Structures are given as structure tokens and as C-alpha cells.
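The next block is coords23.pdb, given as PDB, C-alpha atoms and all ligand atoms.
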```pdb
ATOM      1  CA  MET A   1      11.629  16.091 -15.150
ATOM      2  CA  ALA A   2      14.065  15.400 -12.328
ATOM      3  CA  HIS A   3      14.125  11.847 -11.013
ATOM      4  CA  PRO A   4      11.537  11.252  -8.276
ATOM      5  CA  ASP A   5      12.770  10.612  -4.738
ATOM      6  CA  VAL A   6      10.542   7.593  -4.360
ATOM      7  CA  MET A   7       9.519   5.039  -6.967
ATOM      8  CA  VAL A   8       6.469   2.887  -6.294
ATOM      9  CA  VAL A   9       6.270  -0.447  -8.077
ATOM     10  CA  GLY A  10       2.727  -1.796  -8.044
ATOM     11  CA  GLN A  11      -0.821  -2.024  -9.199
ATOM     12  CA  VAL A  12      -2.765   0.700 -10.972
ATOM     13  CA  ALA A  13      -6.509   0.189 -11.382
ATOM     14  CA  ARG A  14      -9.783   1.982 -11.634
ATOM     15  CA  ASP A  15     -11.608   1.944  -8.288
ATOM     16  CA  LEU A  16     -15.363   2.004  -8.145
ATOM     17  CA  VAL A  17     -16.474   2.365  -4.529
ATOM     18  CA  LEU A  18     -20.114   1.776  -3.623
ATOM     19  CA  LEU A  19     -21.382   2.418  -0.118
ATOM     20  CA  VAL A  20     -24.607   0.554   0.735
ATOM     21  CA  ASP A  21     -26.516  -0.040   3.968
ATOM     22  CA  ASP A  22     -26.651  -3.775   3.328
ATOM     23  CA  VAL A  23     -25.264  -5.895   0.523
ATOM     24  CA  PRO A  24     -28.281  -7.597  -1.062
ATOM     25  CA  GLY A  25     -28.446 -11.356  -1.470
ATOM     26  CA  PRO A  26     -29.252 -13.039  -4.802
ATOM     27  CA  GLY A  27     -32.296 -11.426  -6.405
ATOM     28  CA  GLY A  28     -32.084  -8.412  -4.086
ATOM     29  CA  THR A  29     -31.558  -4.720  -4.785
ATOM     30  CA  ALA A  30     -29.945  -2.013  -2.683
ATOM     31  CA  PRO A  31     -29.672   1.721  -3.192
ATOM     32  CA  VAL A  32     -26.130   3.058  -3.291
ATOM     33  CA  ARG A  33     -25.642   5.681  -0.550
ATOM     34  CA  ARG A  34     -22.413   7.010  -1.965
ATOM     35  CA  ARG A  35     -20.398   6.365  -5.107
ATOM     36  CA  ARG A  36     -16.759   7.257  -5.696
ATOM     37  CA  GLU A  37     -14.813   6.600  -8.879
ATOM     38  CA  LEU A  38     -11.107   6.914  -8.257
ATOM     39  CA  LEU A  39      -7.597   6.265  -9.355
ATOM     40  CA  GLY A  40      -6.843   3.123  -7.365
ATOM     41  CA  GLY A  41      -4.869  -0.066  -7.046
ATOM     42  CA  LYS A  42      -2.311  -0.470  -4.286
ATOM     43  CA  GLY A  43       0.609   0.990  -6.207
ATOM     44  CA  ALA A  44      -1.318   4.104  -7.181
ATOM     45  CA  ASN A  45      -2.714   4.498  -3.653
ATOM     46  CA  GLN A  46       0.794   4.367  -2.206
ATOM     47  CA  ALA A  47       2.037   6.882  -4.774
ATOM     48  CA  VAL A  48      -0.872   9.229  -4.045
ATOM     49  CA  GLY A  49      -0.144   8.978  -0.315
ATOM     50  CA  LEU A  50       3.527   9.789  -0.831
ATOM     51  CA  ALA A  51       2.680  12.770  -3.049
ATOM     52  CA  GLN A  52       0.199  14.062  -0.459
ATOM     53  CA  LEU A  53       2.902  13.802   2.193
ATOM     54  CA  GLY A  54       5.201  15.939   0.082
ATOM     55  CA  ALA A  55       7.473  13.394  -1.607
ATOM     56  CA  SER A  56       8.327  13.542  -5.279
ATOM     57  CA  VAL A  57       7.111  10.192  -6.518
ATOM     58  CA  GLY A  58       7.076   8.076  -9.654
ATOM     59  CA  LEU A  59       4.974   5.039 -10.439
ATOM     60  CA  LEU A  60       5.800   1.820 -12.260
ATOM     61  CA  GLY A  61       2.704  -0.211 -13.103
ATOM     62  CA  VAL A  62       0.612  -1.340 -16.029
ATOM     63  CA  VAL A  63      -2.591  -0.002 -17.529
ATOM     64  CA  GLY A  64      -4.298  -0.966 -20.780
ATOM     65  CA  ASP A  65      -4.339   1.061 -23.965
ATOM     66  CA  ASP A  66      -8.006   1.880 -23.370
ATOM     67  CA  GLU A  67      -9.713   5.108 -22.392
ATOM     68  CA  VAL A  68      -9.804   4.149 -18.711
ATOM     69  CA  GLY A  69      -6.021   3.806 -18.730
ATOM     70  CA  GLU A  70      -5.733   7.236 -20.294
ATOM     71  CA  ARG A  71      -7.981   8.717 -17.626
ATOM     72  CA  LEU A  72      -6.106   7.078 -14.749
ATOM     73  CA  LEU A  73      -2.810   8.447 -16.017
ATOM     74  CA  ALA A  74      -4.330  11.930 -16.199
ATOM     75  CA  LEU A  75      -5.591  11.581 -12.614
ATOM     76  CA  ALA A  76      -2.185  10.409 -11.420
ATOM     77  CA  ARG A  77      -0.498  13.344 -13.158
ATOM     78  CA  ALA A  78      -2.976  15.688 -11.461
ATOM     79  CA  ASP A  79      -1.859  14.143  -8.154
ATOM     80  CA  GLY A  80       1.701  15.148  -9.001
ATOM     81  CA  ILE A  81       2.892  11.617  -9.765
ATOM     82  CA  ASP A  82       5.485  11.004 -12.470
ATOM     83  CA  VAL A  83       3.753   8.412 -14.659
ATOM     84  CA  ASP A  84       6.447   8.176 -17.326
ATOM     85  CA  PRO A  85       7.412   4.667 -16.175
ATOM     86  CA  VAL A  86       3.797   3.369 -16.344
ATOM     87  CA  LEU A  87       3.350   0.875 -19.179
ATOM     88  CA  ARG A  88       0.357   1.008 -21.493
ATOM     89  CA  ARG A  89      -0.118  -2.591 -22.587
ATOM     90  CA  PRO A  90      -1.590  -2.941 -26.104
ATOM     91  CA  GLY A  91      -4.787  -4.951 -26.313
ATOM     92  CA  THR A  92      -5.218  -4.976 -22.532
ATOM     93  CA  THR A  93      -8.158  -3.730 -20.482
ATOM     94  CA  THR A  94      -7.158  -1.575 -17.511
ATOM     95  CA  GLY A  95      -7.822  -3.228 -14.152
ATOM     96  CA  LEU A  96     -11.038  -2.514 -12.287
ATOM     97  CA  ILE A  97     -11.736  -3.025  -8.586
ATOM     98  CA  VAL A  98     -15.277  -2.636  -7.297
ATOM     99  CA  ASP A  99     -15.305  -2.075  -3.534
ATOM    100  CA  VAL A 100     -18.775  -2.684  -2.110
ATOM    101  CA  VAL A 101     -18.778  -1.615   1.520
ATOM    102  CA  ASP A 102     -21.707  -1.822   3.911
ATOM    103  CA  ALA A 103     -22.745   0.353   6.848
ATOM    104  CA  GLU A 104     -20.691  -1.835   9.198
ATOM    105  CA  ALA A 105     -17.499  -1.256   7.203
ATOM    106  CA  ARG A 106     -17.503  -4.792   5.802
ATOM    107  CA  TRP A 107     -16.077  -4.713   2.283
ATOM    108  CA  ARG A 108     -16.326  -7.041  -0.672
ATOM    109  CA  TYR A 109     -13.986  -6.543  -3.608
ATOM    110  CA  LEU A 110     -14.954  -7.526  -7.135
ATOM    111  CA  GLU A 111     -11.733  -7.546  -9.119
ATOM    112  CA  ASP A 112     -11.246  -7.579 -12.859
ATOM    113  CA  LEU A 113      -7.471  -7.637 -13.050
ATOM    114  CA  PRO A 114      -6.326  -9.148 -16.346
ATOM    115  CA  GLU A 115      -3.049 -11.059 -16.161
ATOM    116  CA  ALA A 116      -1.531  -8.563 -18.582
ATOM    117  CA  THR A 117      -1.964  -5.742 -16.033
ATOM    118  CA  LEU A 118       0.662  -7.386 -13.829
ATOM    119  CA  LEU A 119       4.273  -6.321 -14.126
ATOM    120  CA  THR A 120       6.639  -8.743 -15.829
ATOM    121  CA  VAL A 121      10.368  -9.171 -15.299
ATOM    122  CA  ALA A 122      10.942  -7.460 -18.659
ATOM    123  CA  ASP A 123       8.723  -4.499 -17.670
ATOM    124  CA  VAL A 124      10.735  -3.931 -14.511
ATOM    125  CA  ALA A 125      14.087  -4.482 -16.210
ATOM    126  CA  GLY A 126      13.086  -1.796 -18.716
ATOM    127  CA  ALA A 127      12.508   0.675 -15.883
ATOM    128  CA  ALA A 128      15.631  -0.228 -13.901
ATOM    129  CA  GLY A 129      17.179   3.184 -14.619
ATOM    130  CA  ALA A 130      14.322   4.984 -12.892
ATOM    131  CA  LEU A 131      14.493   2.573  -9.950
ATOM    132  CA  ARG A 132      18.227   3.062  -9.521
ATOM    133  CA  ALA A 133      17.859   6.840  -9.673
ATOM    134  CA  ALA A 134      15.279   7.100  -6.866
ATOM    135  CA  ARG A 135      16.351   7.378  -3.222
ATOM    136  CA  ALA A 136      13.789   4.791  -2.169
ATOM    137  CA  VAL A 137      11.847   2.077  -3.986
ATOM    138  CA  LEU A 138       8.596   0.753  -2.606
ATOM    139  CA  VAL A 139       7.722  -2.656  -4.013
ATOM    140  CA  GLN A 140       4.216  -3.995  -3.656
ATOM    141  CA  LEU A 141       4.510  -7.762  -3.336
ATOM    142  CA  GLN A 142       1.145  -8.435  -4.890
ATOM    143  CA  GLN A 143       3.000  -8.181  -8.206
ATOM    144  CA  PRO A 144       4.553 -11.445  -9.484
ATOM    145  CA  SER A 145       7.523 -12.158  -7.246
ATOM    146  CA  GLY A 146       9.914 -12.505 -10.199
ATOM    147  CA  ALA A 147       9.176  -8.908 -11.157
ATOM    148  CA  ALA A 148       9.334  -7.788  -7.520
ATOM    149  CA  LEU A 149      12.758  -9.400  -7.202
ATOM    150  CA  VAL A 150      14.137  -7.554 -10.226
ATOM    151  CA  ALA A 151      12.864  -4.259  -8.803
ATOM    152  CA  ALA A 152      14.264  -4.875  -5.325
ATOM    153  CA  ARG A 153      17.603  -6.026  -6.727
ATOM    154  CA  ALA A 154      18.011  -2.986  -9.000
ATOM    155  CA  ALA A 155      17.295  -0.658  -6.081
ATOM    156  CA  ARG A 156      19.475  -2.567  -3.646
ATOM    157  CA  GLU A 157      22.452  -2.724  -5.989
ATOM    158  CA  ALA A 158      22.236   1.046  -6.413
ATOM    159  CA  GLY A 159      22.269   1.441  -2.620
ATOM    160  CA  ARG A 160      18.670   2.657  -2.398
ATOM    161  CA  LEU A 161      16.210   2.164   0.430
ATOM    162  CA  VAL A 162      14.126  -0.916  -0.391
ATOM    163  CA  VAL A 163      10.652  -1.093   1.155
ATOM    164  CA  LEU A 164       8.425  -4.129   0.652
ATOM    165  CA  ASP A 165       4.686  -4.297   1.309
ATOM    166  CA  GLY A 166       2.868  -7.602   1.577
ATOM    167  CA  ALA A 167       3.826 -11.225   1.014
ATOM    168  CA  PRO A 168       5.543 -12.633  -2.108
ATOM    169  CA  THR A 169       3.230 -14.332  -4.628
ATOM    170  CA  ASP A 170       5.661 -17.262  -4.784
ATOM    171  CA  PRO A 171       6.817 -18.407  -1.332
ATOM    172  CA  ALA A 172       9.971 -19.793  -2.964
ATOM    173  CA  ASP A 173      11.107 -16.175  -3.508
ATOM    174  CA  THR A 174      10.520 -15.033   0.078
ATOM    175  CA  ASP A 175      14.091 -15.483   1.304
ATOM    176  CA  ALA A 176      15.597 -13.708  -1.701
ATOM    177  CA  LEU A 177      13.186 -10.782  -1.404
ATOM    178  CA  LEU A 178      13.682 -10.369   2.339
ATOM    179  CA  ALA A 179      17.453 -10.416   1.873
ATOM    180  CA  LEU A 180      17.140  -7.371  -0.421
ATOM    181  CA  ALA A 181      14.824  -5.367   1.853
ATOM    182  CA  ASP A 182      15.465  -2.583   4.342
ATOM    183  CA  VAL A 183      11.836  -2.347   5.455
ATOM    184  CA  LEU A 184       9.060  -4.947   5.337
ATOM    185  CA  ARG A 185       5.462  -4.166   6.168
ATOM    186  CA  ALA A 186       2.820  -6.868   6.250
ATOM    187  CA  ASP A 187      -0.788  -7.113   7.357
ATOM    188  CA  ALA A 188      -1.876 -10.006   9.558
ATOM    189  CA  ARG A 189      -2.736 -12.329   6.680
ATOM    190  CA  GLU A 190       0.548 -11.543   4.946
ATOM    191  CA  VAL A 191       2.530 -12.236   8.121
ATOM    192  CA  GLU A 192       0.917 -15.641   8.180
ATOM    193  CA  LEU A 193       1.947 -16.247   4.559
ATOM    194  CA  ILE A 194       5.536 -15.223   5.276
ATOM    195  CA  GLY A 195       6.138 -16.398   8.781
ATOM    196  CA  GLY A 196       3.678 -19.100   9.770
ATOM    197  CA  ASP A 197       1.208 -17.661  12.267
ATOM    198  CA  ALA A 198      -0.758 -14.427  12.349
ATOM    199  CA  PRO A 199       0.100 -12.660  15.619
ATOM    200  CA  ARG A 200      -2.748 -12.398  18.159
ATOM    201  CA  ASP A 201      -1.482  -9.662  20.424
ATOM    202  CA  ALA A 202       1.233  -7.045  20.846
ATOM    203  CA  ALA A 203       3.787  -9.542  22.149
ATOM    204  CA  GLY A 204       2.995 -11.893  19.267
ATOM    205  CA  GLY A 205       3.448  -9.065  16.766
ATOM    206  CA  ILE A 206       6.817  -8.152  18.212
ATOM    207  CA  ALA A 207       7.902 -11.796  18.234
ATOM    208  CA  ALA A 208       6.859 -12.166  14.583
ATOM    209  CA  GLY A 209       8.823  -9.030  13.696
ATOM    210  CA  ARG A 210      11.900 -10.250  15.581
ATOM    211  CA  ALA A 211      11.788 -13.562  13.750
ATOM    212  CA  LEU A 212      11.930 -11.707  10.427
ATOM    213  CA  LEU A 213      14.680  -9.332  11.505
ATOM    214  CA  GLY A 214      17.399 -11.882  10.890
ATOM    215  CA  ARG A 215      16.201 -12.494   7.343
ATOM    216  CA  GLY A 216      17.174  -9.128   5.867
ATOM    217  CA  PRO A 217      15.050  -6.110   6.768
ATOM    218  CA  SER A 218      16.210  -3.746   9.504
ATOM    219  CA  LEU A 219      12.700  -2.460  10.159
ATOM    220  CA  LEU A 220       9.601  -4.641  10.349
ATOM    221  CA  ALA A 221       6.017  -3.460  10.655
ATOM    222  CA  VAL A 222       3.614  -6.264  11.461
ATOM    223  CA  GLU A 223      -0.143  -5.918  11.829
ATOM    224  CA  VAL A 224      -1.951  -7.477  14.751
ATOM    225  CA  ALA A 225      -5.510  -7.628  13.404
ATOM    226  CA  GLY A 226      -7.949  -5.433  15.271
ATOM    227  CA  GLU A 227      -5.288  -4.310  17.771
ATOM    228  CA  GLY A 228      -2.543  -2.326  16.115
ATOM    229  CA  ASN A 229       0.888  -2.710  14.589
ATOM    230  CA  ALA A 230       4.208  -3.970  15.948
ATOM    231  CA  PHE A 231       7.459  -2.360  14.851
ATOM    232  CA  VAL A 232      10.800  -4.089  15.335
ATOM    233  CA  TRP A 233      14.345  -2.951  14.547
ATOM    234  CA  PRO A 234      17.780  -3.987  15.782
ATOM    235  CA  GLY A 235      17.813  -3.094  19.446
ATOM    236  CA  GLY A 236      14.238  -1.916  19.700
ATOM    237  CA  ALA A 237      10.541  -2.638  19.358
ATOM    238  CA  LEU A 238       7.300  -0.726  19.749
ATOM    239  CA  PHE A 239       3.650  -1.659  19.585
ATOM    240  CA  VAL A 240       1.375   1.131  18.383
ATOM    241  CA  PRO A 241      -2.369   0.611  18.951
ATOM    242  CA  LEU A 242      -4.961   1.674  16.382
ATOM    243  CA  SER A 243      -6.044   5.268  16.412
ATOM    244  CA  GLU A 244      -9.484   5.819  17.905
ATOM    245  CA  THR A 245     -11.339   6.578  14.687
ATOM    246  CA  PRO A 246     -14.678   5.259  13.464
ATOM    247  CA  THR A 247     -14.011   2.991  10.483
ATOM    248  CA  VAL A 248     -16.091   3.431   7.344
ATOM    249  CA  ASP A 249     -13.787   1.363   5.090
ATOM    250  CA  ASP A 250     -10.262   0.255   5.957
ATOM    251  CA  THR A 251      -9.372  -0.266   2.286
ATOM    252  CA  GLY A 252      -6.059   1.389   1.473
ATOM    253  CA  ALA A 253      -5.089   1.992   5.094
ATOM    254  CA  GLY A 254      -2.124  -0.331   4.639
ATOM    255  CA  ASP A 255      -1.075   1.563   1.540
ATOM    256  CA  ALA A 256      -1.173   4.902   3.367
ATOM    257  CA  PHE A 257       0.690   3.228   6.234
ATOM    258  CA  VAL A 258       3.565   1.981   4.095
ATOM    259  CA  ALA A 259       3.793   5.278   2.192
ATOM    260  CA  ALA A 260       4.230   7.212   5.450
ATOM    261  CA  LEU A 261       6.599   4.636   6.916
ATOM    262  CA  ALA A 262       8.834   4.772   3.835
ATOM    263  CA  LEU A 263       8.906   8.553   3.889
ATOM    264  CA  GLY A 264       9.641   8.671   7.618
ATOM    265  CA  VAL A 265      12.596   6.324   7.227
ATOM    266  CA  LEU A 266      13.822   8.157   4.132
ATOM    267  CA  ARG A 267      13.956  11.472   5.935
ATOM    268  CA  GLY A 268      15.807   9.968   8.865
ATOM    269  CA  ASP A 269      13.071   9.842  11.493
ATOM    270  CA  SER A 270      13.658   7.556  14.469
ATOM    271  CA  PRO A 271      11.834   4.208  14.157
ATOM    272  CA  GLU A 272       9.450   5.326  16.934
ATOM    273  CA  ARG A 273       8.539   8.495  15.100
ATOM    274  CA  ALA A 274       8.198   6.809  11.705
ATOM    275  CA  ALA A 275       5.996   4.151  13.338
ATOM    276  CA  ARG A 276       3.518   6.636  14.769
ATOM    277  CA  TYR A 277       3.508   8.580  11.530
ATOM    278  CA  ALA A 278       2.600   5.395   9.628
ATOM    279  CA  VAL A 279      -0.209   4.522  12.033
ATOM    280  CA  ALA A 280      -1.551   8.071  11.826
ATOM    281  CA  ALA A 281      -1.592   7.833   8.016
ATOM    282  CA  ALA A 282      -3.505   4.539   8.227
ATOM    283  CA  GLY A 283      -5.949   6.046  10.716
ATOM    284  CA  ALA A 284      -6.511   8.993   8.364
ATOM    285  CA  THR A 285      -7.583   6.566   5.627
ATOM    286  CA  VAL A 286     -10.252   4.476   7.388
ATOM    287  CA  GLY A 287     -12.836   7.236   7.851
ATOM    288  CA  HIS A 288     -13.895   7.457   4.186
ATOM    289  CA  PRO A 289     -15.016   4.891   1.619
ATOM    290  CA  GLY A 290     -12.361   3.801  -0.893
ATOM    291  CA  GLY A 291      -8.611   3.299  -0.729
ATOM    292  CA  ARG A 292      -7.514   6.713  -1.893
ATOM    293  CA  PRO A 293      -5.695   8.399   0.998
ATOM    294  CA  ALA A 294      -6.318  11.999   2.079
ATOM    295  CA  LEU A 295      -3.139  12.746   3.999
ATOM    296  CA  THR A 296      -3.207  16.415   4.900
ATOM    297  CA  PRO A 297      -0.959  17.681   7.703
ATOM    298  CA  GLU A 298      -4.119  18.429   9.749
ATOM    299  CA  ALA A 299      -5.425  14.879   9.256
ATOM    300  CA  ILE A 300      -2.092  13.408  10.377
ATOM    301  CA  ARG A 301      -1.940  15.673  13.427
ATOM    302  CA  ALA A 302      -5.509  14.811  14.406
ATOM    303  CA  GLN A 303      -4.702  11.113  14.114
ATOM    304  CA  LEU A 304      -1.518  11.362  16.176
ATOM    305  CA  ASP A 305      -3.689  12.743  18.980
ATOM    306  CA  ARG A 306      -6.017   9.744  18.706
ATOM    307  CA  ILE A 307      -3.361   7.063  19.076
ATOM    308  CA  PRO A 308      -3.475   5.802  22.672
ATOM    309  CA  GLY A 309      -0.273   5.783  24.719
TER     310      GLY A 309
HETATM  311  N1  LIG B 401      -8.144   3.012  13.224
HETATM  312  C1  LIG B 401      -6.957   2.686  12.717
HETATM  313  N2  LIG B 401      -5.842   3.367  13.109
HETATM  314  C2  LIG B 401      -4.639   3.064  12.624
HETATM  315  N3  LIG B 401      -4.404   2.050  11.760
HETATM  316  C3  LIG B 401      -5.455   1.324  11.357
HETATM  317  C4  LIG B 401      -6.779   1.592  11.797
HETATM  318  N4  LIG B 401      -7.605   0.684  11.218
HETATM  319  C5  LIG B 401      -6.804  -0.110  10.443
HETATM  320  N5  LIG B 401      -5.520   0.265  10.534
HETATM  321  C6  LIG B 401      -4.348  -0.349   9.907
HETATM  322  O1  LIG B 401      -4.482  -0.312   8.508
HETATM  323  C7  LIG B 401      -3.724  -1.366   7.941
HETATM  324  C8  LIG B 401      -4.561  -2.086   6.887
HETATM  325  O2  LIG B 401      -3.663  -2.838   6.137
HETATM  326  P1  LIG B 401      -4.025  -3.707   4.874
HETATM  327  O3  LIG B 401      -4.899  -4.831   5.255
HETATM  328  O4  LIG B 401      -2.727  -4.030   4.214
HETATM  329  O5  LIG B 401      -4.878  -2.675   3.980
HETATM  330  P2  LIG B 401      -4.829  -2.378   2.415
HETATM  331  O6  LIG B 401      -4.044  -3.473   1.762
HETATM  332  O7  LIG B 401      -6.288  -2.321   1.998
HETATM  333  O8  LIG B 401      -4.180  -1.041   2.260
HETATM  334  C9  LIG B 401      -3.290  -2.274   9.088
HETATM  335  O9  LIG B 401      -1.939  -2.073   9.379
HETATM  336  C10 LIG B 401      -4.186  -1.814  10.241
HETATM  337  O10 LIG B 401      -3.601  -1.987  11.510
HETATM  338 MG    MG B 402      -2.167  -4.195   2.133
END
```

Starting from the file, lay out its structure as C-alpha cells.
Ligand SMILES: Nc1ncnc2c1ncn2[C@@H]1O[C@H](COP(=O)(O)OP(=O)(O)O)[C@@H](O)[C@H]1O
Ligand SMILES: [Mg+2]
Amino acid sequence: MAHPDVMVVGQVARDLVLLVDDVPGPGGTAPVRRRRELLGGKGANQAVGLAQLGASVGLLGVVGDDEVGERLLALARADGIDVDPVLRRPGTTTGLIVDVVDAEARWRYLEDLPEATLLTVADVAGAAGALRAARAVLVQLQQPSGAALVAARAAREAGRLVVLDGAPTDPADTDALLALADVLRADAREVELIGGDAPRDAAGGIAAGRALLGRGPSLLAVEVAGEGNAFVWPGGALFVPLSETPTVDDTGAGDAFVAALALGVLRGDSPERAARYAVAAAGATVGHPGGRPALTPEAIRAQLDRIPG
């Protein structure tokens, strides 16, 4: 197989999504209104989003040597993802995330993510060839920051586009990771972890992005919770409000967002265009339960029409 254009470095897990009217308290019972069992985890969600948007994509993550791992790899292959770099860790149980979401779109995650399902420095070093061969590498910072650093460095040294999502697990690695990045995308909580304060409004989002600009990335995307996302680049900034879409479950919207943003930048879109594309992809992901994106051209177009301004 030819080398994928984009490599995603991140989590692969089984997603069990349960939609209920109300989450019961202790001793209570609730009927499940809808159940979805999906390929999930942030890395896989980002890879699925990229594939749906037309990119050739490969995934570097870890599953166990169990039947669930086997099934997830088959699902990822069916999505068109190159799973050759995915590690099957002997004696490890594949990660499971249960997403219980109520009728008001409030989610609770129950996570069974064994330590051994995280990427190690050695895992990433072993896949450095695939990272160097891609045009862009998307690194999910929920992975241990030592492993994230090795991935970002391999891509950077090969002159590839380096896109980071989230906040480093070890704050001591933040400066080194930012210095290697072209694009950083963070939700409100992650901005707080990286920069100090979660922005409260559009101006705050742009200020937070500007503060990070000098630390490495040339494009920042910063969430302002409940309002929208601020985008900052040298010489420009834009705040894009949320699309007007009823939210069923916002799980995975950030993953769809960063997938679209990376692809927009990779194909040479202006920052303004890539920004709206990313927000449209996020908006297209909040209307269904579960983090798996469904990024059809029609869905993106419909969302672009629902972004105010
Ligand atoms: N209606 C919407 N339109 C556009 N973007 C949205 C909408 N609702 C949520 N988002 C965006 O989705 C993203 C969610 O990010 P994040 O918390 O990282 O999700 P996850 O990690 O589950 O993928 C944020 O950037 C938020 O602004
Ligand atoms: Mg996220």
C-alpha cells in the first residue's frame, strides 16, 4: 500500500454508546433508548473523519490481542484506514469507553483504558518511518507526552505538517511539543491546562491563541466553551461561532474538528476557510450519539449554512 497522506497518532478503543432519558441513581434502572457499538477512541475517530473527508489515512495506536481488538481493526479497515502501524499488545485487553448520554446531551464516560493501551516511546520510534513518510501527522496529546514528543519530532524533522490536539499529559513537555507544532487545537479545558485560563468570550479566545502563537504553532484553534472557536495565525484572527444545530452528544466533535482543520491546512486552504470547515465538521458530529463522525459533503455544506456570520 502507498504511504498514507495523513498519519494519526492516538487512542483506539471500543465505544459503547447508550442513550437514556435520565441516568438512574444508585439502585435505579433506566431503559436504553438507543445503543451504538462503534470503533472509537480519539485517534480512531480522527482517522475516520479524515477518511470520510477523502484523505488517505493511517493510524498508530494500540489494541490488545483479544477479539475486540481484531474486530476494531476490521472496522477501521472497512473505513479505509491503513491499520498496519497499529500495535496489538500481547496480554492486553483492548480499551473500552462507555458513553452514557441523557436526553439533555449530558454525557458520562466510563473508561476501561489499561495502561498498556497507551503508546510508548518505543512504539512510536518503531513507526517513525510511517510518520516521516506522511505529509501530515496528527498527534493526540492524550497519549503520554514522551511518546507524543517522539512522534512530533519524527514528523517535524522530515518537514511534515505537525498537528497537535489537546494538552500534554506532562506539563513539563509543553514547551518542547509546542515548538514542534504547526497547528495546535485545544478545547476550553485543555487551553486552561496549557495556558492558564479558559477563555470566556471571543476576545479571550483570540488572546489565548495569540499568547500561544509565539511558542511554536502558526495556527491555533482555541475553544470558547458554549460560544465557538477562536483561530489565530500570524497576521490574522477569526472567531467562528457554533453552528446552530441541536446537540444530542458533543462527544467526538473535537476530533472531527481537528481532522477537518488538518486536512484544510494540508490542501492549502486559507486559515479562514480551514476554520469554517473545521467548525462545520464539529457541528456535523453533535447531532448523533457517539463520537464517530459522519462527514459527508452534504453534512458539511448544511453545517456551513448554519454557522452565523
Ligand atoms: N454546534 C456546534 N457547532 C460547531 N462546533 C461545535 C458545536 N458544538 C460543539 N462544538 C465544538 O466541538 C468541539 C468539542 O471539542 P472536545 O471537547 O475536544 O470534544 P472531543 O474531545 O469529545 O472530540 C469544540 O471545539 C466545540 O466548540
Ligand atoms: Mg478533544

Quiz prompt | Picked residues, the PyMOL selection byres (((not hetatm)) within 7 of (chain B and resi 401)), expected as JSON, numbers by chain | solution = {"A": [42, 186, 187, 223, 224, 225, 226, 227, 228, 229, 242, 243, 244, 245, 246, 247, 250, 251, 252, 253, 254, 255, 256, 257, 279, 280, 282, 283, 286, 291]}

Exercise. Give as a ChimeraX atom specification the residues that the PyMOL selection byres (((chain A and resi 194) around 8) and not hetatm) matches when applied to the coordinates above.
Key: /A:167-168,171,174,190-193,195-196

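Ranking A:Ala198, A:Val101, A:Leu238, A:Ala128 by their shortest atom-to-atom distance to Arg273 of chain A, with only C-alpha atoms included, puts A:Leu238 first.
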
Exercise. Name the residues captured by the PyMOL selection byres (((chain A and resi 4-6) around 6) and not hetatm) when it is applied to the shown file; answer as a ChimeraX atom specification.
Key: /A:3,7,56-58,134-137

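Straight-line separation from atom CA of Asp173 of chain A to atom CA of Ser145 of chain A: 6.6 Å.
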
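Proximity to ligand MG 402 (chain B) was assessed for A:Arg106, A:Arg33, A:Arg185, A:Arg88 counting only C-alpha atoms and all ligand atoms; the smallest distance is recorded for A:Arg185.
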
Quiz item: Can you tell me how far atom CA of Gly216 of chain A sits from atom CA of Leu177 of chain A, in Å to one decimal?
Solution: 8.5 Å

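Atom CA of Ala51 of chain A to atom CA of Val162 of chain A spans 18.0 Å [interatomic distance, one decimal].
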
Quiz prompt | Neighbour list for Ala259 of chain A as a VMD selection string, cut-off 8 Å, all atoms listed in the file, skip fewer than 3 positions in-chain | solution = chain A and resid 46 to 47 49 to 50 255 to 256 262 to 263 278

How would the residues just chosen look if you wrote them out with C-alpha atoms as an mmCIF file, in the frame of the given file?
```cif
data_model
loop_
_atom_site.group_PDB
_atom_site.id
_atom_site.type_symbol
_atom_site.label_atom_id
_atom_site.label_comp_id
_atom_site.auth_asym_id
_atom_site.auth_seq_id
_atom_site.Cartn_x
_atom_site.Cartn_y
_atom_site.Cartn_z
ATOM 1 C CA GLN A 46 0.794 4.367 -2.206
ATOM 2 C CA ALA A 47 2.037 6.882 -4.774
ATOM 3 C CA GLY A 49 -0.144 8.978 -0.315
ATOM 4 C CA LEU A 50 3.527 9.789 -0.831
ATOM 5 C CA ASP A 255 -1.075 1.563 1.540
ATOM 6 C CA ALA A 256 -1.173 4.902 3.367
ATOM 7 C CA ALA A 262 8.834 4.772 3.835
ATOM 8 C CA LEU A 263 8.906 8.553 3.889
ATOM 9 C CA ALA A 278 2.600 5.395 9.628
#
```

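The point (-10.9, 5.1, -10.4) has these residues within 8 Å of it, counting only C-alpha atoms: A:Ala13, A:Arg14, A:Asp15, A:Leu16, A:Arg36, A:Glu37, A:Leu38, A:Leu39, A:Gly40, A:Leu72, A:Leu96.
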